[in-house]
file upload-v5.tsv (TSV, C-alpha atoms and all ligand atoms)
chain	number	residue	atom	x	y	z
Z	1	MET	CA	36.95	-32.16	91.68
Z	2	ASP	CA	39.91	-34.50	91.39
Z	3	HIS	CA	38.88	-36.82	88.62
Z	4	ASP	CA	41.75	-39.29	89.02
Z	5	ASN	CA	40.35	-40.07	92.41
Z	6	CYS	CA	36.94	-40.75	90.95
Z	7	SER	CA	38.03	-43.41	88.50
Z	8	GLU	CA	40.19	-45.02	91.16
Z	9	LEU	CA	37.15	-45.13	93.37
Z	10	LEU	CA	35.13	-46.81	90.70
Z	11	LYS	CA	37.35	-49.87	90.82
Z	12	SER	CA	36.43	-50.54	94.42
Z	13	ILE	CA	32.72	-49.82	93.98
Z	14	GLU	CA	32.07	-53.45	93.18
Z	15	ASP	CA	33.39	-54.68	96.52
Z	16	TYR	CA	31.74	-51.76	98.26
Z	17	LEU	CA	28.31	-52.64	96.89
Z	18	ASP	CA	28.71	-56.28	97.86
Z	19	GLY	CA	29.93	-55.43	101.33
Z	20	ASP	CA	33.16	-57.24	100.58
Z	21	ILE	CA	35.71	-54.50	101.04
Z	22	GLN	CA	38.75	-53.92	103.18
Z	23	PRO	CA	37.94	-51.49	106.01
Z	24	GLU	CA	40.78	-49.20	105.03
Z	25	VAL	CA	39.61	-48.92	101.42
Z	26	CYS	CA	36.07	-48.45	102.62
Z	27	THR	CA	37.02	-45.53	104.83
Z	28	ARG	CA	38.87	-43.87	101.97
Z	29	LEU	CA	35.92	-44.42	99.70
Z	30	GLU	CA	33.34	-43.03	102.07
Z	31	GLU	CA	35.54	-40.02	102.67
Z	32	HIS	CA	35.66	-39.41	98.96
Z	33	LEU	CA	31.91	-39.86	98.64
Z	34	ARG	CA	31.29	-37.22	101.29
Z	35	GLY	CA	33.26	-34.71	99.28
Z	36	CYS	CA	32.24	-35.68	95.75
Z	37	GLN	CA	28.62	-35.30	94.78
Z	38	ASN	CA	29.04	-36.91	91.37
Z	39	CYS	CA	30.42	-40.12	92.78
Z	40	ARG	CA	27.73	-40.11	95.43
Z	41	ILE	CA	25.05	-39.93	92.77
Z	42	VAL	CA	26.71	-42.70	90.79
Z	43	VAL	CA	26.83	-44.97	93.82
Z	44	ASP	CA	23.25	-44.17	94.82
Z	45	THR	CA	21.81	-44.70	91.35
Z	46	LEU	CA	23.90	-47.84	90.95
Z	47	ARG	CA	22.44	-49.21	94.17
Z	48	LYS	CA	18.97	-48.23	93.10
Z	49	THR	CA	19.45	-49.88	89.70
Z	50	ILE	CA	20.40	-53.14	91.37
Z	51	SER	CA	17.49	-53.08	93.80
Z	52	LEU	CA	14.99	-52.24	91.03
Z	53	TYR	CA	16.07	-55.23	88.98
Z	54	HIS	CA	16.18	-57.43	92.02
Z	55	ASP	CA	12.61	-56.60	93.05
Z	56	GLU	CA	11.37	-56.87	89.50
Z	57	ALA	CA	12.92	-60.31	88.99
Z	58	CYS	CA	11.14	-61.91	91.91
Z	59	GLN	CA	7.82	-61.16	90.27
Z	60	GLU	CA	8.48	-62.93	87.01
Z	61	MET	CA	6.80	-66.32	87.21
Z	62	MET	CA	6.56	-69.26	84.92
Z	63	PRO	CA	3.19	-69.17	83.12
Z	64	ASP	CA	0.57	-71.54	84.54
Z	65	LYS	CA	0.28	-73.61	81.38
Z	66	MET	CA	4.00	-74.17	81.23
Z	67	ARG	CA	4.06	-75.16	84.89
Z	68	GLU	CA	1.30	-77.66	84.27
Z	69	HIS	CA	3.23	-79.17	81.35
Z	70	LEU	CA	6.34	-79.40	83.48
Z	71	TYR	CA	4.60	-81.21	86.32
Z	72	MET	CA	2.96	-83.49	83.79
Z	73	GLU	CA	6.28	-84.27	82.13
Z	74	LEU	CA	7.81	-85.06	85.52
Z	75	ASN	CA	4.89	-87.20	86.52
Z	76	LEU	CA	4.07	-84.92	89.43
Z	77	LEU	CA	0.74	-83.54	88.32
Z	78	ASP	CA	-0.86	-84.47	91.64
Z	79	TYR	CA	1.56	-82.04	93.28
Z	80	LEU	CA	0.83	-79.09	90.98
Z	81	PRO	CA	0.46	-76.05	93.27
Z	82	GLY	CA	-3.10	-74.85	93.47
Z	83	THR	CA	-4.59	-78.20	92.56
Z	84	ARG	CA	-3.98	-79.87	95.88
Z	85	GLU	CA	-6.19	-79.54	98.93
D	1	MET	CA	-1.46	-68.90	92.06
D	2	ASN	CA	1.64	-69.61	94.08
D	3	SER	CA	2.93	-66.07	93.93
D	4	THR	CA	4.66	-66.70	97.22
D	5	VAL	CA	6.93	-69.66	96.78
D	6	THR	CA	7.67	-70.97	100.21
D	7	LYS	CA	11.36	-71.53	100.64
D	8	ARG	CA	11.79	-74.52	102.86
D	9	GLU	CA	14.83	-76.66	103.35
D	10	ILE	CA	14.88	-79.45	100.79
D	11	ASP	CA	15.82	-82.82	102.23
D	12	LEU	CA	18.59	-84.23	100.07
D	13	ASP	CA	18.24	-87.76	101.43
D	14	LEU	CA	14.57	-87.85	100.55
D	15	LEU	CA	15.38	-86.54	97.07
D	16	LYS	CA	17.93	-89.29	96.56
D	17	GLN	CA	15.35	-91.86	97.62
D	18	GLY	CA	13.07	-90.48	94.93
D	19	ASN	CA	10.47	-89.18	97.37
D	20	ARG	CA	7.83	-87.59	95.12
D	21	GLY	CA	6.72	-84.96	97.60
D	22	GLU	CA	10.30	-83.81	98.01
D	23	LEU	CA	10.91	-83.80	94.26
D	24	ALA	CA	7.76	-81.70	93.85
D	25	ALA	CA	9.00	-79.30	96.52
D	26	LEU	CA	12.24	-78.98	94.61
D	27	VAL	CA	10.40	-78.21	91.38
D	28	GLU	CA	8.22	-75.68	93.12
D	29	GLN	CA	11.20	-73.89	94.62
D	30	PHE	CA	13.36	-73.81	91.51
D	31	SER	CA	10.94	-73.66	88.58
D	32	ASN	CA	10.61	-69.87	88.56
D	33	PRO	CA	14.33	-69.10	88.65
D	34	VAL	CA	15.00	-71.79	86.06
D	35	TYR	CA	12.27	-70.25	83.92
D	36	ARG	CA	13.86	-66.80	84.22
D	37	ILE	CA	17.31	-68.15	83.40
D	38	ALA	CA	16.01	-70.00	80.33
D	39	MET	CA	14.03	-66.97	79.12
D	40	ASN	CA	16.99	-64.72	79.65
D	41	ILE	CA	19.16	-66.84	77.39
D	42	LEU	CA	16.59	-68.04	74.86
D	43	HIS	CA	14.04	-65.19	74.67
D	44	SER	CA	11.37	-67.62	73.60
D	45	GLU	CA	8.72	-69.28	75.75
D	46	GLN	CA	8.58	-72.28	73.49
D	47	ASP	CA	12.32	-72.91	73.60
D	48	ALA	CA	12.40	-72.17	77.30
D	49	GLU	CA	9.70	-74.73	78.01
D	50	ASP	CA	11.76	-77.54	76.46
D	51	ILE	CA	14.87	-76.48	78.30
D	52	ILE	CA	13.10	-76.29	81.64
D	53	GLN	CA	11.74	-79.80	81.21
D	54	GLU	CA	15.16	-81.08	80.14
D	55	THR	CA	16.75	-79.40	83.13
D	56	PHE	CA	14.48	-81.02	85.69
D	57	ILE	CA	14.68	-84.41	84.01
D	58	LYS	CA	18.48	-84.17	84.27
D	59	VAL	CA	18.20	-83.02	87.87
D	60	PHE	CA	15.96	-85.95	88.77
D	61	HIS	CA	18.35	-88.39	87.11
D	62	GLY	CA	21.48	-86.85	88.53
D	63	ILE	CA	20.32	-86.26	92.07
D	64	ARG	CA	21.54	-89.64	93.29
D	65	ASN	CA	25.09	-88.71	92.33
D	66	PHE	CA	24.88	-85.15	93.63
D	67	GLU	CA	27.56	-84.86	96.28
D	68	GLY	CA	26.64	-81.53	97.72
D	69	ARG	CA	29.97	-79.90	96.98
D	70	SER	CA	28.06	-76.93	95.66
D	71	SER	CA	24.63	-75.83	96.77
D	72	LEU	CA	21.59	-77.43	95.23
D	73	ALA	CA	20.69	-74.12	93.59
D	74	THR	CA	24.13	-73.76	92.03
D	75	TRP	CA	23.98	-77.28	90.64
D	76	ILE	CA	20.49	-76.85	89.18
D	77	TYR	CA	21.25	-73.43	87.65
D	78	ARG	CA	24.41	-74.81	86.12
D	79	ILE	CA	22.41	-77.52	84.39
D	80	ALA	CA	19.84	-74.97	83.23
D	81	VAL	CA	22.46	-72.56	81.88
D	82	ASN	CA	24.27	-75.34	80.04
D	83	GLU	CA	21.06	-76.68	78.54
D	84	ALA	CA	19.99	-73.22	77.43
D	85	LEU	CA	23.37	-72.39	75.93
D	86	MET	CA	23.44	-75.67	74.05
D	87	ALA	CA	20.01	-74.86	72.68
D	88	THR	CA	21.11	-71.44	71.43
D	89	ARG	CA	24.10	-73.10	69.86
D	90	ARG	CA	21.88	-75.59	68.07
D	91	ARG	CA	19.51	-72.85	67.03
D	92	LYS	CA	21.99	-70.28	65.85
D	93	GLY	CA	24.55	-72.78	64.68
D	94	ASN	CA	27.24	-70.72	66.32
D	95	LEU	CA	29.18	-71.20	69.45
D	96	VAL	CA	28.35	-69.00	72.39
D	97	SER	CA	31.11	-69.62	74.84
D	98	ILE	CA	30.36	-68.30	78.26
D	99	ASP	CA	33.92	-68.34	79.45
D	100	ALA	CA	35.44	-66.59	76.46
D	101	GLU	CA	37.31	-63.45	77.37
D	102	ILE	CA	35.53	-60.26	76.66
D	103	ASP	CA	37.32	-57.15	75.68
D	104	MET	CA	37.23	-54.75	78.54
D	105	GLY	CA	39.15	-51.61	77.84
D	106	GLU	CA	40.19	-49.45	80.75
D	107	GLY	CA	37.92	-46.53	81.43
D	108	GLU	CA	35.26	-47.90	79.15
D	109	THR	CA	32.90	-48.35	82.03
D	110	ASN	CA	33.29	-44.92	83.51
D	111	PRO	CA	29.92	-43.38	84.31
D	112	VAL	CA	29.11	-40.52	82.01
D	113	GLU	CA	25.63	-39.46	82.91
D	114	ILE	CA	25.09	-37.94	86.31
D	115	GLU	CA	21.56	-37.45	87.49
D	116	ASP	CA	20.04	-38.30	90.81
D	117	TRP	CA	16.83	-40.12	89.93
D	118	CYS	CA	16.61	-42.29	93.03
D	119	CYS	CA	13.60	-40.50	94.42
D	120	ARG	CA	11.64	-39.99	91.23
D	121	PRO	CA	7.97	-40.95	91.53
D	122	GLU	CA	8.19	-43.48	88.66
D	123	VAL	CA	10.76	-45.35	90.70
D	124	GLU	CA	8.48	-45.51	93.72
D	125	THR	CA	5.53	-46.78	91.73
D	126	MET	CA	7.54	-48.84	89.23
D	127	ASP	CA	5.32	-47.72	86.39
D	128	ALA	CA	4.91	-49.84	83.28
D	129	GLU	CA	7.06	-47.61	81.13
D	130	LEU	CA	9.98	-47.84	83.52
D	131	ARG	CA	9.60	-51.60	83.63
D	132	ARG	CA	9.68	-51.75	79.82
D	133	GLU	CA	12.78	-49.60	79.85
D	134	MET	CA	14.43	-51.90	82.38
D	135	ASP	CA	13.61	-54.97	80.29
D	136	LYS	CA	15.00	-53.30	77.20
D	137	ALA	CA	18.19	-52.32	78.97
D	138	VAL	CA	18.88	-55.76	80.38
D	139	ALA	CA	18.02	-57.43	77.07
D	140	GLY	CA	20.54	-55.13	75.41
D	141	LEU	CA	23.43	-56.34	77.55
D	142	PRO	CA	25.95	-58.66	75.93
D	143	GLU	CA	24.94	-62.19	76.88
D	144	LYS	CA	28.05	-62.85	78.97
D	145	LEU	CA	27.31	-59.85	81.12
D	146	ARG	CA	23.60	-60.49	81.25
D	147	ILE	CA	23.87	-64.00	82.69
D	148	VAL	CA	26.25	-62.86	85.39
D	149	PHE	CA	24.00	-59.96	86.30
D	150	GLN	CA	20.95	-62.17	86.36
D	151	LEU	CA	22.42	-64.86	88.59
D	152	ARG	CA	24.02	-62.47	91.04
D	153	ASP	CA	21.64	-59.54	91.21
D	154	MET	CA	18.33	-60.99	90.16
D	155	GLU	CA	18.55	-64.54	91.53
D	156	ASP	CA	20.63	-63.64	94.58
D	157	LEU	CA	23.50	-66.05	94.07
D	158	SER	CA	26.77	-65.10	95.69
D	159	ILE	CA	29.80	-64.17	93.59
D	160	ARG	CA	31.25	-67.60	94.32
D	161	GLU	CA	28.06	-69.43	93.35
D	162	THR	CA	27.73	-67.41	90.16
D	163	ALA	CA	31.31	-68.32	89.32
D	164	GLN	CA	30.55	-71.99	89.95
D	165	VAL	CA	27.45	-71.96	87.76
D	166	LEU	CA	29.27	-70.37	84.86
D	167	GLY	CA	32.66	-71.98	85.32
D	168	LEU	CA	34.32	-68.59	85.74
D	169	THR	CA	36.75	-67.22	88.28
D	170	ASP	CA	35.43	-64.97	91.03
D	171	SER	CA	37.30	-62.03	89.62
D	172	ALA	CA	35.86	-62.57	86.14
D	173	VAL	CA	32.40	-62.57	87.69
D	174	LYS	CA	33.13	-59.36	89.57
D	175	THR	CA	34.45	-57.61	86.50
D	176	ARG	CA	31.45	-58.59	84.38
D	177	LEU	CA	29.03	-57.78	87.15
D	178	LEU	CA	30.38	-54.30	87.60
D	179	ARG	CA	30.32	-53.73	83.87
D	180	ALA	CA	26.71	-54.91	83.62
D	181	ARG	CA	25.62	-52.80	86.57
D	182	LEU	CA	27.29	-49.70	85.20
D	183	ILE	CA	25.76	-50.16	81.76
D	184	LEU	CA	22.30	-50.59	83.23
D	185	ARG	CA	22.73	-47.59	85.49
D	186	GLU	CA	23.79	-45.55	82.51
D	187	GLU	CA	20.79	-46.70	80.49
D	188	LEU	CA	18.32	-45.91	83.24
D	189	THR	CA	19.93	-42.53	83.80
D	190	HIS	CA	19.54	-41.78	80.09
D	191	TYR	CA	15.92	-42.76	80.35
D	192	PHE	CA	15.26	-40.50	83.33
D	193	GLN	CA	17.03	-37.59	81.69
D	194	GLY	CA	14.74	-38.05	78.71
D	195	THR	CA	11.61	-38.10	80.83
D	196	SER	CA	12.59	-35.02	82.84
D	197	GLN	CA	13.15	-33.00	79.65
D	198	GLY	CA	9.61	-33.78	78.62
D	199	GLN	CA	8.16	-32.37	81.82
F	201	ZN	ZN	34.36	-38.59	92.85
call {"tool": "encode", "arguments": {"input": "upload-v5.tsv", "output": "structure tokens", "more": "lines below"}}
Ligand SMILES: [Zn+2]
result
Amino acid sequence: MDHDNCSELLKSIEDYLDGDIQPEVCTRLEEHLRGCQNCRIVVDTLRKTISLYHDEACQEMMPDKMREHLYMELNLLDYLPGTRE
Amino acid sequence: MNSTVTKREIDLDLLKQGNRGELAALVEQFSNPVYRIAMNILHSEQDAEDIIQETFIKVFHGIRNFEGRSSLATWIYRIAVNEALMATRRRKGNLVSIDAEIDMGEGETNPVEIEDWCCRPEVETMDAELRREMDKAVAGLPEKLRIVFQLRDMEDLSIRETAQVLGLTDSAVKTRLLRARLILREELTHYFQGTSQGQ
């Protein structure tokens, strides 16, 4: 496998992942990916890494006590979620 | 409670008038991301709590002068990041400058480990051990990379918004983001190689 190609490809991965890539570069990249299993695995696992962290992040919530303190501090306790009708 | 934070359009005019219901809606929508940002920088619930309160107090005071040149989210996160960084500075007594250049040698980010773990069962179920490993990996990132990764990939800001929050150029954000993503991918790949040897 031509390794020069692989590191060149890596530079455009960023734009590729964010969907912000020139069509011509994209075509070249996808062509390379078809022929190079290593790069394909890197791109796939990179994508998976991002989506794992993304999904995980949405689940991390401020603890209830802290939320209560915050609403209290801001004088909004009557709007604290879960305490209103 | 409120595990599904409803994302509704916040009415800026009402906010500026000091409408309490609208201010509460703003807090509800942004308290979790602000919490995650503060925790990510400070690693302490106690410190984070102060910073979160400070952030929203500043937001409430500043909202009248908010001109809407950036999104509301960008503006709030910028306040949160600045507050948190100032707190680390006070705590550590050293200066953590977010826009300082970081040394990024060519080829340093080249992927080394190749293993296709996308379809591993632990990934499907997101087991506790994998989650711990993910936390460890992200905590191990240099702070400058971690904040960029968090804002863009965990909080869904665009490259431009992330740049605005941190006062960086778009290209600096992209470079750091790629570096962070590659490091994390490498770490997770290491982890999966370790677990498959044990099987
Ligand atoms: Zn390749």
call {"tool": "closest_atom_pairs", "arguments": {"input": "upload-v5.tsv", "of": "chain D", "to": "ligand ZN 201 (chain F)", "cutoff": "12 Å", "atoms": "all atoms listed in the file", "output": "CSV"}}
result
residue,atom,partner,partner_atom,distance
D:Asn110,CA,F:ZN201,ZN,11.3
D:Pro111,CA,F:ZN201,ZN,10.8
D:Ile114,CA,F:ZN201,ZN,11.4
call {"tool": "interface_residues", "arguments": {"input": "upload-v5.tsv", "of": "chain Z", "to": "chain D", "cutoff": "10 Å", "atoms": "only C-alpha atoms", "output": "PyMOL selection string"}}
result
chain Z and resi 6-7+10-15+17-18+37-64+66-67+69-83
call {"tool": "atom_distance", "arguments": {"input": "upload-v5.tsv", "atom1": "CA of Lys92 in chain D", "atom2": "CA of Thr74 in chain D"}}
result
26.5 Å
call {"tool": "atom_distance", "arguments": {"input": "upload-v5.tsv", "atom1": "CA of Ile51 in chain D", "atom2": "CA of Lys65 in chain Z"}}
result
15.2 Å
call {"tool": "residues_around", "arguments": {"input": "upload-v5.tsv", "residues": "Gln164 in chain D", "least_positions_apart": "5", "cutoff": "9 Å", "atoms": "all atoms listed in the file", "output": "PDB file with C-alpha atoms, keeping the file's coordinate frame"}}
result
ATOM      1  CA  SER D  70      28.060 -76.930  95.660  1.00  0.00           C
ATOM      2  CA  THR D  74      24.130 -73.760  92.030  1.00  0.00           C
ATOM      3  CA  TRP D  75      23.980 -77.280  90.640  1.00  0.00           C
ATOM      4  CA  ARG D  78      24.410 -74.810  86.120  1.00  0.00           C
ATOM      5  CA  ILE D 159      29.800 -64.170  93.590  1.00  0.00           C
ATOM      6  CA  THR D 169      36.750 -67.220  88.280  1.00  0.00           C
ATOM      7  CA  ASP D 170      35.430 -64.970  91.030  1.00  0.00           C
TER       8      ASP D 170
END
call {"tool": "atom_distance", "arguments": {"input": "upload-v5.tsv", "atom1": "CA of Leu9 in chain Z", "atom2": "CA of Ser196 in chain D"}}
result
28.6 Å
call {"tool": "closest_residue", "arguments": {"input": "upload-v5.tsv", "among": "D:Gly167, D:Gln17, D:Glu161, D:Gly194", "to": "Asn82 in chain D", "atoms": "only C-alpha atoms"}}
result
D:Gly167
call {"tool": "closest_residue", "arguments": {"input": "upload-v5.tsv", "among": "D:Ala128, D:Met86, D:Val165, D:Thr195", "to": "Asp47 in chain D", "atoms": "all atoms listed in the file"}}
result
D:Met86
call {"tool": "residues_around", "arguments": {"input": "upload-v5.tsv", "residues": "Pro142 in chain D", "least_positions_apart": "3", "cutoff": "12 Å", "atoms": "all atoms listed in the file", "output": "list in words"}}
result
Asn40, Ile41, Val96, Ile98, Ile102, Asp103, Ala137, Val138, Ala139, Leu145, Arg146, Ile147, Val148, Phe149, Arg176, Leu177, Arg179, Ala180, Ile183 and Leu184 of chain D
call {"tool": "closest_residue", "arguments": {"input": "upload-v5.tsv", "among": "D:Ser44, D:Lys16, D:Ile10, D:Val173", "to": "Gln29 in chain D", "atoms": "only C-alpha atoms"}}
result
D:Ile10
call {"tool": "residues_around", "arguments": {"input": "upload-v5.tsv", "residues": "Ala80 in chain D", "least_positions_apart": "3", "cutoff": "7 Å", "atoms": "all atoms listed in the file", "output": "JSON list (two decimals) with C-alpha atoms, in the frame of the given file"}}
result
[["chain", "number", "residue", "atom", "x", "y", "z"],
["D", 34, "VAL", "CA", 15.00, -71.79, 86.06],
["D", 38, "ALA", "CA", 16.01, -70.00, 80.33],
["D", 55, "THR", "CA", 16.75, -79.40, 83.13],
["D", 76, "ILE", "CA", 20.49, -76.85, 89.18],
["D", 77, "TYR", "CA", 21.25, -73.43, 87.65],
["D", 83, "GLU", "CA", 21.06, -76.68, 78.54],
["D", 84, "ALA", "CA", 19.99, -73.22, 77.43]]
call {"tool": "axis_aligned_box", "arguments": {"input": "upload-v5.tsv", "around": "range 113-122 of chain D", "padding_each_side": "5 Å", "output": "lines of an AutoDock Vina configuration file"}}
result
center_x = 16.8
center_y = -40.5
center_z = 88.7
size_x = 27.7
size_y = 16.0
size_z = 21.5
call {"tool": "decode", "arguments": {"input": "upload-v5.tsv", "residues": "range 46-75 of chain Z", "atoms": "N, CA and C atoms", "output": "mmCIF file, in the first residue's frame"}}
result
data_model
loop_
_atom_site.group_PDB
_atom_site.id
_atom_site.type_symbol
_atom_site.label_atom_id
_atom_site.label_comp_id
_atom_site.auth_asym_id
_atom_site.auth_seq_id
_atom_site.Cartn_x
_atom_site.Cartn_y
_atom_site.Cartn_z
ATOM 1 N N LEU Z 46 -12.700 6.247 13.664
ATOM 2 C CA LEU Z 46 -12.703 7.665 14.016
ATOM 3 C C LEU Z 46 -14.153 8.164 14.126
ATOM 4 N N ARG Z 47 -14.941 7.800 13.131
ATOM 5 C CA ARG Z 47 -16.363 8.162 13.146
ATOM 6 C C ARG Z 47 -17.061 7.601 14.362
ATOM 7 N N LYS Z 48 -16.753 6.335 14.635
ATOM 8 C CA LYS Z 48 -17.398 5.662 15.770
ATOM 9 C C LYS Z 48 -16.985 6.332 17.088
ATOM 10 N N THR Z 49 -15.718 6.679 17.191
ATOM 11 C CA THR Z 49 -15.223 7.365 18.388
ATOM 12 C C THR Z 49 -16.028 8.645 18.634
ATOM 13 N N ILE Z 50 -16.192 9.422 17.574
ATOM 14 C CA ILE Z 50 -16.924 10.683 17.708
ATOM 15 C C ILE Z 50 -18.367 10.435 18.137
ATOM 16 N N SER Z 51 -19.013 9.442 17.512
ATOM 17 C CA SER Z 51 -20.427 9.234 17.839
ATOM 18 C C SER Z 51 -20.590 8.661 19.248
ATOM 19 N N LEU Z 52 -19.632 7.843 19.695
ATOM 20 C CA LEU Z 52 -19.697 7.333 21.075
ATOM 21 C C LEU Z 52 -19.647 8.475 22.079
ATOM 22 N N TYR Z 53 -18.699 9.373 21.882
ATOM 23 C CA TYR Z 53 -18.560 10.493 22.819
ATOM 24 C C TYR Z 53 -19.770 11.414 22.734
ATOM 25 N N HIS Z 54 -20.263 11.590 21.536
ATOM 26 C CA HIS Z 54 -21.406 12.465 21.364
ATOM 27 C C HIS Z 54 -22.624 11.928 22.130
ATOM 28 N N ASP Z 55 -22.886 10.634 21.963
ATOM 29 C CA ASP Z 55 -24.054 10.038 22.623
ATOM 30 C C ASP Z 55 -23.889 10.017 24.133
ATOM 31 N N GLU Z 56 -22.657 9.774 24.557
ATOM 32 C CA GLU Z 56 -22.362 9.716 25.987
ATOM 33 C C GLU Z 56 -22.570 11.088 26.640
ATOM 34 N N ALA Z 57 -22.151 12.134 25.937
ATOM 35 C CA ALA Z 57 -22.193 13.482 26.506
ATOM 36 C C ALA Z 57 -23.616 13.924 26.834
ATOM 37 N N CYS Z 58 -24.540 13.577 25.943
ATOM 38 C CA CYS Z 58 -25.916 14.036 26.129
ATOM 39 C C CYS Z 58 -26.518 13.505 27.420
ATOM 40 N N GLN Z 59 -25.924 12.438 27.945
ATOM 41 C CA GLN Z 59 -26.521 11.814 29.125
ATOM 42 C C GLN Z 59 -25.992 12.384 30.433
ATOM 43 N N GLU Z 60 -24.954 13.205 30.342
ATOM 44 C CA GLU Z 60 -24.371 13.706 31.578
ATOM 45 C C GLU Z 60 -25.102 14.965 32.044
ATOM 46 N N MET Z 61 -25.818 14.816 33.148
ATOM 47 C CA MET Z 61 -26.676 15.901 33.630
ATOM 48 C C MET Z 61 -26.130 16.514 34.913
ATOM 49 N N MET Z 62 -26.470 17.742 35.104
ATOM 50 C CA MET Z 62 -26.167 18.393 36.364
ATOM 51 C C MET Z 62 -26.914 17.674 37.498
ATOM 52 N N PRO Z 63 -26.226 17.407 38.617
ATOM 53 C CA PRO Z 63 -26.908 16.733 39.729
ATOM 54 C C PRO Z 63 -28.080 17.579 40.253
ATOM 55 N N ASP Z 64 -29.106 16.895 40.738
ATOM 56 C CA ASP Z 64 -30.328 17.582 41.183
ATOM 57 C C ASP Z 64 -30.069 18.665 42.228
ATOM 58 N N LYS Z 65 -29.210 18.320 43.189
ATOM 59 C CA LYS Z 65 -28.935 19.283 44.268
ATOM 60 C C LYS Z 65 -28.344 20.573 43.720
ATOM 61 N N MET Z 66 -27.407 20.387 42.799
ATOM 62 C CA MET Z 66 -26.731 21.536 42.200
ATOM 63 C C MET Z 66 -27.723 22.381 41.406
ATOM 64 N N ARG Z 67 -28.626 21.708 40.722
ATOM 65 C CA ARG Z 67 -29.640 22.417 39.945
ATOM 66 C C ARG Z 67 -30.536 23.248 40.880
ATOM 67 N N GLU Z 68 -30.880 22.610 41.998
ATOM 68 C CA GLU Z 68 -31.727 23.315 42.956
ATOM 69 C C GLU Z 68 -31.021 24.578 43.464
ATOM 70 N N HIS Z 69 -29.727 24.429 43.807
ATOM 71 C CA HIS Z 69 -28.956 25.586 44.277
ATOM 72 C C HIS Z 69 -28.923 26.690 43.221
ATOM 73 N N LEU Z 70 -28.735 26.267 41.991
ATOM 74 C CA LEU Z 70 -28.647 27.241 40.898
ATOM 75 C C LEU Z 70 -29.944 28.040 40.766
ATOM 76 N N TYR Z 71 -31.055 27.314 40.755
ATOM 77 C CA TYR Z 71 -32.356 27.989 40.624
ATOM 78 C C TYR Z 71 -32.608 28.898 41.823
ATOM 79 N N MET Z 72 -32.139 28.437 42.986
ATOM 80 C CA MET Z 72 -32.311 29.243 44.191
ATOM 81 C C MET Z 72 -31.506 30.538 44.066
ATOM 82 N N GLU Z 73 -30.248 30.373 43.664
ATOM 83 C CA GLU Z 73 -29.345 31.512 43.511
ATOM 84 C C GLU Z 73 -29.907 32.536 42.506
ATOM 85 N N LEU Z 74 -30.573 32.031 41.491
ATOM 86 C CA LEU Z 74 -31.096 32.906 40.439
ATOM 87 C C LEU Z 74 -32.518 33.371 40.736
ATOM 88 N N ASN Z 75 -32.970 32.991 41.913
ATOM 89 C CA ASN Z 75 -34.318 33.412 42.308
ATOM 90 C C ASN Z 75 -35.393 32.853 41.377
#
